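Engineer: Structure file upload.cif, mmCIF, C-alpha atoms, is pasted below:
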```cif
data_my_file
loop_
_atom_site.label_atom_id
_atom_site.label_comp_id
_atom_site.auth_asym_id
_atom_site.auth_seq_id
_atom_site.Cartn_x
_atom_site.Cartn_y
_atom_site.Cartn_z
CA MET A 1 -37.73 50.50 63.43
CA GLU A 2 -40.02 48.68 61.01
CA PRO A 3 -38.74 48.05 57.46
CA ASN A 4 -40.61 49.85 54.70
CA ILE A 5 -43.63 47.56 54.38
CA PRO A 6 -46.77 48.95 52.71
CA ASP A 7 -49.80 49.61 54.89
CA SER A 8 -52.62 47.15 54.49
CA PRO A 9 -56.17 46.89 55.86
CA TYR A 10 -55.73 43.13 56.10
CA PRO A 11 -54.24 41.04 58.93
CA ARG A 12 -50.52 40.54 58.50
CA VAL A 13 -49.11 37.02 58.22
CA VAL A 14 -45.35 36.93 58.65
CA ILE A 15 -43.68 33.80 57.25
CA LEU A 16 -40.16 32.97 58.40
CA GLY A 17 -38.50 31.03 55.59
CA GLY A 18 -39.22 30.68 51.88
CA GLY A 19 -38.64 26.96 51.44
CA PHE A 20 -41.25 24.50 50.20
CA ALA A 21 -43.56 25.09 53.19
CA GLY A 22 -43.30 28.89 53.28
CA LEU A 23 -43.72 29.26 49.53
CA SER A 24 -46.67 26.86 49.50
CA LEU A 25 -48.41 28.95 52.17
CA ALA A 26 -47.73 32.26 50.42
CA LYS A 27 -48.96 31.03 47.05
CA THR A 28 -52.10 29.50 48.55
CA LEU A 29 -53.01 32.73 50.38
CA ARG A 30 -52.07 35.15 47.59
CA ASN A 31 -55.66 35.95 46.62
CA ASP A 32 -57.13 36.03 50.13
CA PRO A 33 -57.59 39.09 52.42
CA PHE A 34 -54.23 38.86 54.19
CA GLN A 35 -51.00 40.77 53.86
CA ILE A 36 -48.28 38.15 53.47
CA VAL A 37 -44.75 39.18 54.50
CA LEU A 38 -42.18 36.50 53.71
CA ILE A 39 -38.72 36.82 55.28
CA ASP A 40 -35.72 34.86 54.04
CA LYS A 41 -31.96 35.40 54.20
CA SER A 42 -31.71 34.68 50.45
CA ASN A 43 -33.71 36.51 47.79
CA TYR A 44 -34.57 33.31 45.95
CA HIS A 45 -36.34 30.00 46.48
CA THR A 46 -34.13 26.92 46.04
CA PHE A 47 -35.25 23.56 44.67
CA GLN A 48 -33.03 21.56 47.00
CA PRO A 49 -33.54 18.06 45.50
CA LEU A 50 -31.39 19.06 42.51
CA LEU A 51 -28.54 20.75 44.40
CA TYR A 52 -26.33 17.71 43.88
CA GLN A 53 -26.52 18.26 40.11
CA ILE A 54 -25.09 21.75 40.57
CA ALA A 55 -22.28 20.24 42.65
CA ILE A 56 -21.28 17.87 39.83
CA GLY A 57 -21.58 20.55 37.13
CA GLY A 58 -24.70 19.08 35.52
CA LEU A 59 -26.92 22.15 35.94
CA GLU A 60 -26.46 25.90 36.16
CA PRO A 61 -27.21 27.36 39.61
CA ASP A 62 -29.95 29.63 38.27
CA SER A 63 -31.88 26.67 36.86
CA VAL A 64 -32.89 25.45 40.33
CA VAL A 65 -33.63 28.84 41.93
CA ILE A 66 -36.21 31.55 41.28
CA PRO A 67 -36.31 35.05 42.79
CA TYR A 68 -39.15 35.73 45.18
CA TRP A 69 -39.99 38.95 43.35
CA LYS A 70 -40.67 36.87 40.26
CA ILE A 71 -43.07 34.63 42.18
CA PHE A 72 -44.73 37.56 43.94
CA GLU A 73 -45.17 39.89 40.98
CA ASN A 74 -48.78 40.85 40.19
CA HIS A 75 -49.78 40.03 43.79
CA PRO A 76 -49.68 43.29 45.79
CA ASN A 77 -50.59 41.58 49.06
CA LEU A 78 -47.41 39.48 48.88
CA VAL A 79 -44.33 41.23 50.28
CA PHE A 80 -40.79 39.86 50.44
CA ARG A 81 -37.98 41.15 52.63
CA MET A 82 -34.46 39.76 52.48
CA ALA A 83 -33.38 39.65 56.12
CA GLU A 84 -31.77 37.55 58.82
CA VAL A 85 -34.18 36.63 61.63
CA LEU A 86 -32.56 37.41 64.98
CA SER A 87 -35.39 36.41 67.32
CA VAL A 88 -39.15 36.39 67.78
CA ASN A 89 -41.29 37.73 70.63
CA THR A 90 -44.64 35.97 70.84
CA THR A 91 -45.80 38.26 73.65
CA SER A 92 -45.38 41.55 71.78
CA LYS A 93 -46.03 39.75 68.46
CA GLU A 94 -42.85 41.02 66.80
CA VAL A 95 -40.06 39.55 64.70
CA TYR A 96 -36.61 41.06 65.20
CA THR A 97 -34.44 41.06 62.08
CA ASP A 98 -31.20 42.68 60.95
CA ILE A 99 -33.26 45.22 58.97
CA GLY A 100 -35.68 46.14 61.73
CA ILE A 101 -38.69 45.00 63.75
CA ILE A 102 -41.65 43.47 61.92
CA PRO A 103 -44.94 43.19 63.86
CA TYR A 104 -47.41 40.47 62.95
CA ASP A 105 -50.98 39.37 63.49
CA TYR A 106 -50.11 35.76 62.67
CA LEU A 107 -46.65 34.22 62.65
CA VAL A 108 -45.67 31.10 60.70
CA VAL A 109 -42.28 29.56 61.46
CA ALA A 110 -40.97 27.69 58.41
CA THR A 111 -37.23 28.12 58.91
CA GLY A 112 -36.41 24.62 57.69
CA ALA A 113 -33.48 22.47 58.67
CA LYS A 114 -29.73 22.78 58.89
CA THR A 115 -26.96 20.20 58.67
CA ASN A 116 -26.46 18.02 61.74
CA PHE A 117 -22.81 17.09 62.28
CA PHE A 118 -23.56 15.22 65.51
CA ARG A 119 -21.06 17.28 67.54
CA LEU A 120 -18.06 16.27 65.39
CA GLN A 121 -16.31 19.65 65.53
CA ALA A 122 -13.43 18.77 63.19
CA THR A 123 -15.94 17.45 60.69
CA VAL A 124 -17.91 20.70 60.91
CA GLU A 125 -14.78 22.58 59.88
CA ASN A 126 -13.69 20.28 57.05
CA ALA A 127 -16.69 18.42 55.59
CA MET A 128 -18.79 19.75 52.71
CA PRO A 129 -22.53 20.05 53.42
CA LEU A 130 -25.08 20.34 50.62
CA LYS A 131 -28.05 22.42 51.76
CA SER A 132 -27.72 25.59 49.65
CA VAL A 133 -26.57 26.87 46.27
CA PRO A 134 -23.37 28.47 47.69
CA GLN A 135 -22.49 25.13 49.34
CA ALA A 136 -23.11 23.28 46.06
CA LEU A 137 -20.83 25.72 44.21
CA ASP A 138 -18.15 25.37 46.89
CA LEU A 139 -18.31 21.60 46.53
CA ARG A 140 -18.09 21.82 42.74
CA SER A 141 -15.03 24.07 43.02
CA LEU A 142 -13.34 21.77 45.55
CA ILE A 143 -13.88 18.63 43.45
CA PHE A 144 -12.43 20.13 40.29
CA GLN A 145 -9.66 22.00 42.11
CA ASN A 146 -8.58 18.62 43.46
CA PHE A 147 -8.57 17.09 39.98
CA GLU A 148 -6.46 19.99 38.70
CA LYS A 149 -4.00 19.38 41.55
CA ALA A 150 -3.98 15.63 40.93
CA VAL A 151 -2.78 16.21 37.35
CA ARG A 152 0.47 17.68 38.63
CA THR A 153 1.14 15.62 41.78
CA ILE A 154 3.62 12.75 41.85
CA ASN A 155 3.03 11.68 45.46
CA HIS A 156 0.93 8.52 45.66
CA ASP A 157 -0.92 9.34 48.90
CA GLU A 158 -1.54 12.90 47.79
CA PHE A 159 -2.97 11.65 44.50
CA GLU A 160 -5.32 9.22 46.21
CA SER A 161 -6.45 11.91 48.62
CA LEU A 162 -7.26 14.31 45.79
CA ILE A 163 -9.27 11.98 43.55
CA ASP A 164 -11.08 9.79 46.12
CA ILE A 165 -14.43 11.07 47.40
CA VAL A 166 -16.30 10.06 50.55
CA ILE A 167 -20.05 10.62 50.96
CA VAL A 168 -21.55 10.26 54.43
CA GLY A 169 -25.24 9.42 54.65
CA GLY A 170 -27.23 6.81 52.76
CA GLY A 171 -30.41 8.84 52.29
CA PRO A 172 -31.63 10.17 48.93
CA THR A 173 -28.98 12.95 48.76
CA GLY A 174 -26.11 10.57 49.48
CA VAL A 175 -27.36 7.88 47.11
CA GLU A 176 -28.01 10.35 44.29
CA MET A 177 -24.65 12.05 44.74
CA ALA A 178 -22.80 8.71 44.76
CA GLY A 179 -24.54 7.58 41.57
CA ALA A 180 -23.89 10.90 39.82
CA LEU A 181 -20.19 10.86 40.71
CA ALA A 182 -19.88 7.26 39.51
CA GLU A 183 -21.31 8.26 36.14
CA LEU A 184 -18.90 11.20 35.93
CA ARG A 185 -16.00 8.89 36.70
CA GLN A 186 -16.98 6.49 33.94
CA HIS A 187 -18.18 8.75 31.13
CA VAL A 188 -17.04 12.35 31.62
CA LEU A 189 -13.91 12.83 33.71
CA PRO A 190 -11.61 10.62 31.58
CA ASN A 191 -12.27 12.96 28.64
CA ASN A 192 -11.69 16.12 30.69
CA PHE A 193 -8.55 14.94 32.51
CA LYS A 194 -6.84 12.60 30.09
CA GLU A 195 -3.66 12.45 32.20
CA LEU A 196 -5.48 10.89 35.15
CA ASP A 197 -6.25 7.20 35.58
CA PHE A 198 -9.78 7.26 36.96
CA ARG A 199 -9.69 3.53 37.56
CA ARG A 200 -7.82 4.57 40.70
CA MET A 201 -10.64 6.87 41.84
CA ASP A 202 -12.68 5.42 44.69
CA ILE A 203 -16.15 6.65 45.67
CA TYR A 204 -17.27 5.68 49.16
CA LEU A 205 -20.82 5.88 50.51
CA ILE A 206 -20.90 5.51 54.28
CA GLU A 207 -24.14 4.73 56.13
CA SER A 208 -24.42 4.18 59.88
CA GLY A 209 -27.52 2.02 59.51
CA SER A 210 -27.96 -1.45 58.12
CA ARG A 211 -29.42 -0.30 54.79
CA LEU A 212 -29.66 2.62 52.39
CA LEU A 213 -32.75 4.83 51.97
CA ARG A 214 -34.16 4.06 55.40
CA GLY A 215 -37.24 6.18 54.65
CA MET A 216 -38.16 3.87 51.78
CA SER A 217 -39.01 0.18 51.47
CA GLU A 218 -36.48 -2.62 51.83
CA TYR A 219 -37.07 -3.34 48.13
CA ALA A 220 -35.93 0.18 47.23
CA SER A 221 -32.95 -0.08 49.58
CA GLU A 222 -31.78 -3.34 48.06
CA LYS A 223 -32.23 -2.13 44.46
CA ALA A 224 -30.31 1.09 45.23
CA LEU A 225 -27.49 -0.91 46.81
CA GLN A 226 -27.29 -3.24 43.82
CA SER A 227 -27.21 -0.31 41.38
CA LEU A 228 -24.44 1.48 43.27
CA GLN A 229 -22.36 -1.67 43.57
CA SER A 230 -22.75 -2.30 39.83
CA MET A 231 -21.31 1.21 39.33
CA ASN A 232 -18.33 0.33 41.56
CA VAL A 233 -19.32 2.55 44.45
CA LYS A 234 -17.91 1.22 47.72
CA VAL A 235 -20.90 1.14 50.08
CA LEU A 236 -20.03 0.75 53.77
CA LEU A 237 -23.08 -0.08 55.91
CA ASN A 238 -23.17 -0.12 59.71
CA THR A 239 -20.29 2.34 59.61
CA SER A 240 -20.02 5.86 60.97
CA VAL A 241 -17.45 8.66 60.82
CA ARG A 242 -15.53 9.30 64.03
CA ASP A 243 -13.35 12.16 62.81
CA TYR A 244 -12.22 14.01 59.69
CA ASN A 245 -9.29 16.42 59.58
CA GLY A 246 -9.63 17.51 55.95
CA ARG A 247 -7.51 14.70 54.55
CA LEU A 248 -8.05 11.57 56.63
CA VAL A 249 -11.43 10.00 57.42
CA GLN A 250 -11.52 7.96 60.64
CA LEU A 251 -14.30 5.35 60.64
CA SER A 252 -16.00 3.61 63.55
CA HIS A 253 -14.44 0.19 62.93
CA GLY A 254 -10.90 1.57 62.75
CA LYS A 255 -10.57 1.86 58.98
CA GLN A 256 -9.04 5.05 57.55
CA ILE A 257 -9.70 6.61 54.15
CA LEU A 258 -7.51 9.21 52.50
CA SER A 259 -9.71 11.87 50.93
CA SER A 260 -9.66 15.63 50.57
CA THR A 261 -13.39 15.63 49.79
CA LEU A 262 -15.94 14.46 52.34
CA ILE A 263 -19.55 15.26 51.45
CA TRP A 264 -21.80 15.33 54.51
CA ALA A 265 -25.36 14.17 53.84
CA ALA A 266 -25.80 12.27 57.10
CA GLY A 267 -28.51 14.22 58.83
CA VAL A 268 -30.35 17.45 59.50
CA GLN A 269 -31.87 19.20 62.48
CA GLY A 270 -34.46 21.92 62.87
CA ASN A 271 -33.31 25.51 62.49
CA ILE A 272 -35.27 27.13 65.33
CA PRO A 273 -35.08 30.93 65.69
CA ALA A 274 -34.21 32.49 69.05
CA GLY A 275 -37.12 33.49 71.27
CA ILE A 276 -39.03 30.22 70.94
CA ASP A 277 -39.86 28.54 74.26
CA LYS A 278 -37.17 25.88 74.65
CA ARG A 279 -39.63 23.60 76.42
CA LEU A 280 -41.34 23.14 73.05
CA ILE A 281 -38.22 21.79 71.36
CA VAL A 282 -38.27 18.02 70.83
CA ARG A 283 -35.96 15.44 69.28
CA GLY A 284 -34.20 16.59 66.14
CA ASN A 285 -34.31 20.20 67.36
CA ARG A 286 -37.85 20.47 66.03
CA LEU A 287 -40.73 22.54 67.37
CA SER A 288 -43.62 20.68 68.94
CA VAL A 289 -47.00 21.59 67.39
CA ASP A 290 -50.52 20.23 67.67
CA GLU A 291 -52.41 18.49 64.87
CA TYR A 292 -53.46 21.88 63.47
CA LEU A 293 -49.77 22.94 63.25
CA GLN A 294 -50.30 25.55 65.96
CA VAL A 295 -47.63 26.13 68.58
CA PRO A 296 -49.06 25.24 72.04
CA ASP A 297 -50.51 28.17 74.02
CA THR A 298 -49.98 30.59 71.12
CA PRO A 299 -52.93 30.22 68.70
CA ASP A 300 -51.58 32.98 66.45
CA VAL A 301 -48.28 31.14 65.86
CA PHE A 302 -47.95 28.18 63.50
CA ALA A 303 -44.94 26.04 62.55
CA MET A 304 -44.60 23.81 59.51
CA GLY A 305 -42.17 21.97 57.29
CA ASP A 306 -38.89 20.55 58.57
CA ILE A 307 -39.10 22.63 61.74
CA ALA A 308 -42.43 21.17 62.90
CA ALA A 309 -43.07 17.95 64.80
CA ILE A 310 -46.67 16.89 65.37
CA VAL A 311 -46.65 14.93 68.61
CA SER A 312 -50.24 15.39 69.78
CA GLY A 313 -53.59 13.83 68.94
CA GLU A 314 -53.24 10.49 67.18
CA GLN A 315 -49.82 11.36 65.73
CA HIS A 316 -46.82 10.64 67.92
CA GLN A 317 -44.15 10.15 65.25
CA PRO A 318 -42.99 13.37 63.52
CA HIS A 319 -43.30 13.37 59.75
CA ALA A 320 -40.25 12.99 57.55
CA MET A 321 -38.37 16.13 56.53
CA ILE A 322 -39.34 15.93 52.86
CA ALA A 323 -40.81 18.38 50.38
CA PRO A 324 -44.28 16.76 49.97
CA VAL A 325 -44.92 17.04 53.72
CA ALA A 326 -43.84 20.70 53.73
CA ILE A 327 -45.98 21.60 50.71
CA GLN A 328 -49.10 19.94 52.14
CA GLN A 329 -48.55 21.61 55.51
CA GLY A 330 -48.20 25.01 53.84
CA LYS A 331 -51.57 24.55 52.16
CA LEU A 332 -53.21 23.41 55.39
CA VAL A 333 -51.90 26.39 57.38
CA ALA A 334 -53.27 28.69 54.68
CA HIS A 335 -56.73 27.15 54.99
CA ASN A 336 -56.53 27.19 58.80
CA LEU A 337 -55.62 30.88 58.82
CA ILE A 338 -58.73 31.59 56.77
CA ARG A 339 -60.83 29.48 59.14
CA LEU A 340 -59.23 31.12 62.16
CA LYS A 341 -60.10 34.56 60.83
CA LYS A 342 -63.70 33.42 60.26
CA GLN A 343 -63.77 31.81 63.72
CA LYS A 344 -64.38 28.37 62.27
CA PRO A 345 -62.95 25.08 63.61
CA LEU A 346 -59.48 24.28 62.33
CA ARG A 347 -58.64 21.20 60.31
CA PRO A 348 -55.98 18.72 61.46
CA PHE A 349 -53.04 17.84 59.27
CA ILE A 350 -53.33 14.43 57.62
CA TYR A 351 -50.44 13.61 55.33
CA LYS A 352 -51.41 12.14 51.97
CA ASP A 353 -48.54 9.88 50.99
CA ARG A 354 -48.31 9.90 47.22
CA GLY A 355 -45.01 8.05 47.20
CA VAL A 356 -41.27 8.64 47.51
CA MET A 357 -38.46 8.11 45.04
CA ALA A 358 -34.72 8.36 44.52
CA THR A 359 -32.46 8.11 41.50
CA VAL A 360 -29.12 6.35 41.42
CA GLY A 361 -28.10 7.36 37.92
CA ARG A 362 -29.00 6.96 34.29
CA HIS A 363 -31.72 4.30 33.95
CA HIS A 364 -31.44 3.53 37.69
CA ALA A 365 -34.07 4.76 40.16
CA VAL A 366 -36.46 3.41 42.78
CA VAL A 367 -40.07 4.46 43.38
CA ASP A 368 -42.27 3.56 46.35
CA LEU A 369 -45.96 4.23 45.76
CA PRO A 370 -48.57 3.50 48.44
CA PHE A 371 -49.52 0.19 46.82
CA PHE A 372 -46.80 -0.43 44.26
CA ARG A 373 -43.01 -0.42 44.04
CA PHE A 374 -40.79 -0.49 40.98
CA SER A 375 -37.28 0.33 39.81
CA GLY A 376 -35.12 0.60 36.72
CA VAL A 377 -35.70 2.65 33.58
CA THR A 378 -39.41 3.29 34.21
CA ALA A 379 -38.69 4.52 37.74
CA TRP A 380 -35.92 6.74 36.39
CA MET A 381 -38.27 8.32 33.86
CA VAL A 382 -40.90 8.89 36.57
CA TRP A 383 -38.25 10.53 38.77
CA LEU A 384 -37.26 12.86 35.91
CA MET A 385 -40.86 13.82 35.18
CA VAL A 386 -41.85 14.45 38.80
CA HIS A 387 -38.80 16.61 39.54
CA LEU A 388 -39.16 18.52 36.30
CA MET A 389 -42.80 19.37 37.01
CA ALA A 390 -42.05 20.27 40.64
CA LEU A 391 -39.60 23.02 39.65
CA VAL A 392 -40.94 26.54 40.17
CA GLY A 393 -41.05 28.65 37.00
CA TYR A 394 -41.51 27.74 33.35
CA ARG A 395 -38.02 28.92 32.46
CA ASN A 396 -36.45 26.57 35.01
CA LYS A 397 -38.48 23.64 33.73
CA LEU A 398 -37.37 24.32 30.15
CA VAL A 399 -33.70 24.91 31.02
CA VAL A 400 -33.44 21.76 33.14
CA PHE A 401 -35.20 19.67 30.50
CA LEU A 402 -32.83 20.87 27.77
CA ASN A 403 -29.79 20.27 30.00
CA TRP A 404 -30.93 16.77 30.82
CA ALA A 405 -31.72 15.98 27.18
CA PHE A 406 -28.35 17.26 25.97
CA SER A 407 -26.43 15.44 28.72
CA TYR A 408 -28.32 12.22 27.99
CA ILE A 409 -27.37 12.33 24.32
CA SER A 410 -23.80 13.54 24.63
CA TYR A 411 -22.58 12.83 28.19
CA ASP A 412 -21.37 16.43 28.02
CA TYR A 413 -21.13 18.25 31.37
CA SER A 414 -19.82 21.66 30.38
CA LEU A 415 -20.16 23.35 33.77
CA HIS A 416 -17.01 22.02 35.40
CA LEU A 417 -15.90 25.58 36.05
CA ILE A 418 -13.93 26.92 39.00
CA ILE A 419 -15.36 30.44 39.06
CA LYS A 420 -14.51 31.15 42.68
CA PRO A 421 -11.86 28.81 44.12
CA TYR A 422 -12.89 27.20 47.39
CA GLU A 423 -10.60 27.66 50.38
CA ARG A 424 -11.06 25.89 53.69
CA THR A 425 -10.99 28.00 56.82
CA THR A 426 -8.69 25.39 58.42
CA GLN A 427 -5.74 23.64 56.81
CA PRO A 428 -5.97 19.85 56.42
CA VAL A 429 -3.79 17.82 58.76
CA ALA A 430 -1.15 15.58 57.20
CA ALA A 431 -2.30 12.01 56.81
CA VAL A 432 -1.06 9.22 59.03
CA ALA A 433 0.75 6.51 57.14
#
```
Write the structure described by the file as structure tokens, please.

Structural biologist:
Amino acid sequence: MEPNIPDSPYPRVVILGGGFAGLSLAKTLRNDPFQIVLIDKSNYHTFQPLLYQIAIGGLEPDSVVIPYWKIFENHPNLVFRMAEVLSVNTTSKEVYTDIGIIPYDYLVVATGAKTNFFRLQATVENAMPLKSVPQALDLRSLIFQNFEKAVRTINHDEFESLIDIVIVGGGPTGVEMAGALAELRQHVLPNNFKELDFRRMDIYLIESGSRLLRGMSEYASEKALQSLQSMNVKVLLNTSVRDYNGRLVQLSHGKQILSSTLIWAAGVQGNIPAGIDKRLIVRGNRLSVDEYLQVPDTPDVFAMGDIAAIVSGEQHQPHAMIAPVAIQQGKLVAHNLIRLKKQKPLRPFIYKDRGVMATVGRHHAVVDLPFFRFSGVTAWMVWLMVHLMALVGYRNKLVVFLNWAFSYISYDYSLHLIIKPYERTTQPVAAVA
């Protein structure tokens, strides 16, 4: 049974996923003769680069999300349905969801990425990923629940386990989270928990490679490392996690760390819906597409964003799973759908690299532009400006700006609230002495 979707004289484009790629496509096509049906399991778009600030209590959750109905209002050819995609059938041209069957004329797979735990089952059960607002809120609750417990514990090992935090993954998320926690430890937490000695709190950043920010220049990697070390973050390079039972982190070189909080930012993999030909799946669980972002042998099916890997034509190395790539691909698919409808030749995807950046904390950031690299206060201000302007919705831009301005002046993080206590599905195993 098809969900209640209005009839339309226009071809129907069904978009699976409302992330940066899916939203970019929908907004680009909103005034063209197509009916756009966007399907997502959440009823809001999330600005993922700022999720870590929700996790530390620096921003309200609703300041980095915006409902799809708000984006789609005043555009009758844009339709949103909150649903879980069960599978797709490219032969019958149907999408099967938990609310019914949705036929399509064109299908665009933009289901994004999910956390990759590299088959570490115990880590899956006990680590804290950071890919969604609910996960960010769970992490916030766990961190501050642990501090509340630390206030009343007298056991040394238990205390260390509760206040020490381990972050796995030296990419932008890991680096930004480590820097934010270091600032909390220095400026905020001692005022909130006066009974605790935060000089005993250790923050670990674990990276399996030889440097941080592997997607950026060596200059950026070195500057980020220096900034984190100046903030007393313990950075362990060439180190990986072998196991984590909820209280004890086992590392590749035999070292053990007591911690009840392990934040997993070590990797992602494509989130491919069922029904896709498995022969098209390549490394990273991504979907192989041609240079036009079409799925091979199915010209009415496109894939873009984190899920897509262009491995044909002159491009043999898939693009990075970052927002600028997804946004540009969404715009290209929109133009190619128009050209496909008009029976015109499609245009290949050529990524325009306008630069990448990461922040380490107040006055500390790194920026790689195509022909110029810089760091420090100027880079930090550029990072703030770019992320502020990239937020969807004027209200979100204003709220985030005011939060940042107030926090900069006062070091006041007033969102350290445990609204819904976090409970692990498995109980942590007692630590080994």

Engineer: For Leu369 in chain A, list every protein, DNA or RNA residue within 8 Å, evaluated using all atoms listed in the file, and leave out those in the same chain fewer than 3 positions away; present the list as a list in words.

Structural biologist: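 In the requested format, the answer is Arg354, Gly355, Val356, Phe372 and Arg373 of chain A.
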
Engineer: Check which residues satisfy the PyMOL selection byres ((chain A and resi 108-119) around 7) in the file shown, then give them as a ChimeraX atom specification.

Structural biologist: /A:14-17,21-22,106-107,120-121,124,129,267-272,301-307

Engineer: Write out as an mmCIF file with C-alpha atoms, in the frame of the given file each polymer residue whose atoms come within 12 Å of range 403-406 of chain A, counting all atoms listed in the file; drop sequence neighbours fewer than 3 positions from it.

Structural biologist:
```
data_model
loop_
_atom_site.group_PDB
_atom_site.id
_atom_site.type_symbol
_atom_site.label_atom_id
_atom_site.label_comp_id
_atom_site.auth_asym_id
_atom_site.auth_seq_id
_atom_site.Cartn_x
_atom_site.Cartn_y
_atom_site.Cartn_z
ATOM 1 C CA LEU A 50 -31.390 19.060 42.510
ATOM 2 C CA GLN A 53 -26.520 18.260 40.110
ATOM 3 C CA ILE A 54 -25.090 21.750 40.570
ATOM 4 C CA GLY A 57 -21.580 20.550 37.130
ATOM 5 C CA GLY A 58 -24.700 19.080 35.520
ATOM 6 C CA LEU A 59 -26.920 22.150 35.940
ATOM 7 C CA GLU A 60 -26.460 25.900 36.160
ATOM 8 C CA SER A 63 -31.880 26.670 36.860
ATOM 9 C CA VAL A 64 -32.890 25.450 40.330
ATOM 10 C CA ARG A 362 -29.000 6.960 34.290
ATOM 11 C CA MET A 381 -38.270 8.320 33.860
ATOM 12 C CA LEU A 384 -37.260 12.860 35.910
ATOM 13 C CA MET A 385 -40.860 13.820 35.180
ATOM 14 C CA HIS A 387 -38.800 16.610 39.540
ATOM 15 C CA LEU A 388 -39.160 18.520 36.300
ATOM 16 C CA ASN A 396 -36.450 26.570 35.010
ATOM 17 C CA LYS A 397 -38.480 23.640 33.730
ATOM 18 C CA LEU A 398 -37.370 24.320 30.150
ATOM 19 C CA VAL A 399 -33.700 24.910 31.020
ATOM 20 C CA VAL A 400 -33.440 21.760 33.140
ATOM 21 C CA ILE A 409 -27.370 12.330 24.320
ATOM 22 C CA SER A 410 -23.800 13.540 24.630
ATOM 23 C CA TYR A 411 -22.580 12.830 28.190
ATOM 24 C CA ASP A 412 -21.370 16.430 28.020
ATOM 25 C CA TYR A 413 -21.130 18.250 31.370
ATOM 26 C CA SER A 414 -19.820 21.660 30.380
ATOM 27 C CA LEU A 415 -20.160 23.350 33.770
#
```

Engineer: Taking 5 positions as the minimum chain separation for residues in the same chain, which residues sit within 6 Å of range 66-77 of chain A when counting all atoms listed in the file? Answer as an NGL selection string.

Structural biologist: :A and (35 or 43-45)

Engineer: Give me the residues near Trp380 in chain A as an MDAnalysis selection string, where near means some atom within 12 Å (using only C-alpha atoms) and where sequence neighbours in that chain fewer than 6 positions away do not count.

Structural biologist: chainID A and resid 176 224 357:367 374 386:387

Engineer: Taking the file above as input, evaluate the PyMOL selection byres ((chain A and resi 12) around 9) and report the hits as a list in words.

Structural biologist: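 Answer for the PyMOL selection byres ((chain A and resi 12) around 9): Ser8, Pro9, Tyr10, Pro11, Val13, Val14, Phe34, Gln35, Ile36, Val37, Pro103, Tyr104, Asp105, Tyr106 and Leu107 of chain A.
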
Engineer: Could you check which of A:Gln135, A:Ser42, A:Thr91, A:Ser221 is closest to Asp297 in chain A, using only C-alpha atoms?

Structural biologist: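 Closest residue, counting only C-alpha atoms: A:Thr91.
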
Engineer: Calculated over all atoms listed in the file, which of the candidates A:Ser260, A:His253, A:Pro33, A:Thr123 has the smallest distance to Lys149 in chain A?

Structural biologist: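 Of all the options, A:Ser260 lies closest to Lys149 in chain A.
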
Engineer: Give me the result of the PyMOL selection byres ((chain A and resi 127) around 10) on this file, residue by residue, as a PyMOL selection string.

Structural biologist: chain A and resi 117+122-126+128-130+139+166-168+244-247+260-265+424

Engineer: Any idea what the distance is between CA of Phe144 in chain A and CA of Phe193 in chain A?

Structural biologist: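 So the answer is 10.1 Å.
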
Engineer: Using CA of Ser252 in chain A and CA of Leu212 in chain A as the two end points, give the distance in Å to one decimal.

Structural biologist: 17.7 Å

Engineer: Hey, can you check how far CA of Ser132 in chain A sits from CA of Gly170 in chain A?

Structural biologist: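 One can read the CA of Ser132 in chain A to CA of Gly170 in chain A distance as 19.0 Å.
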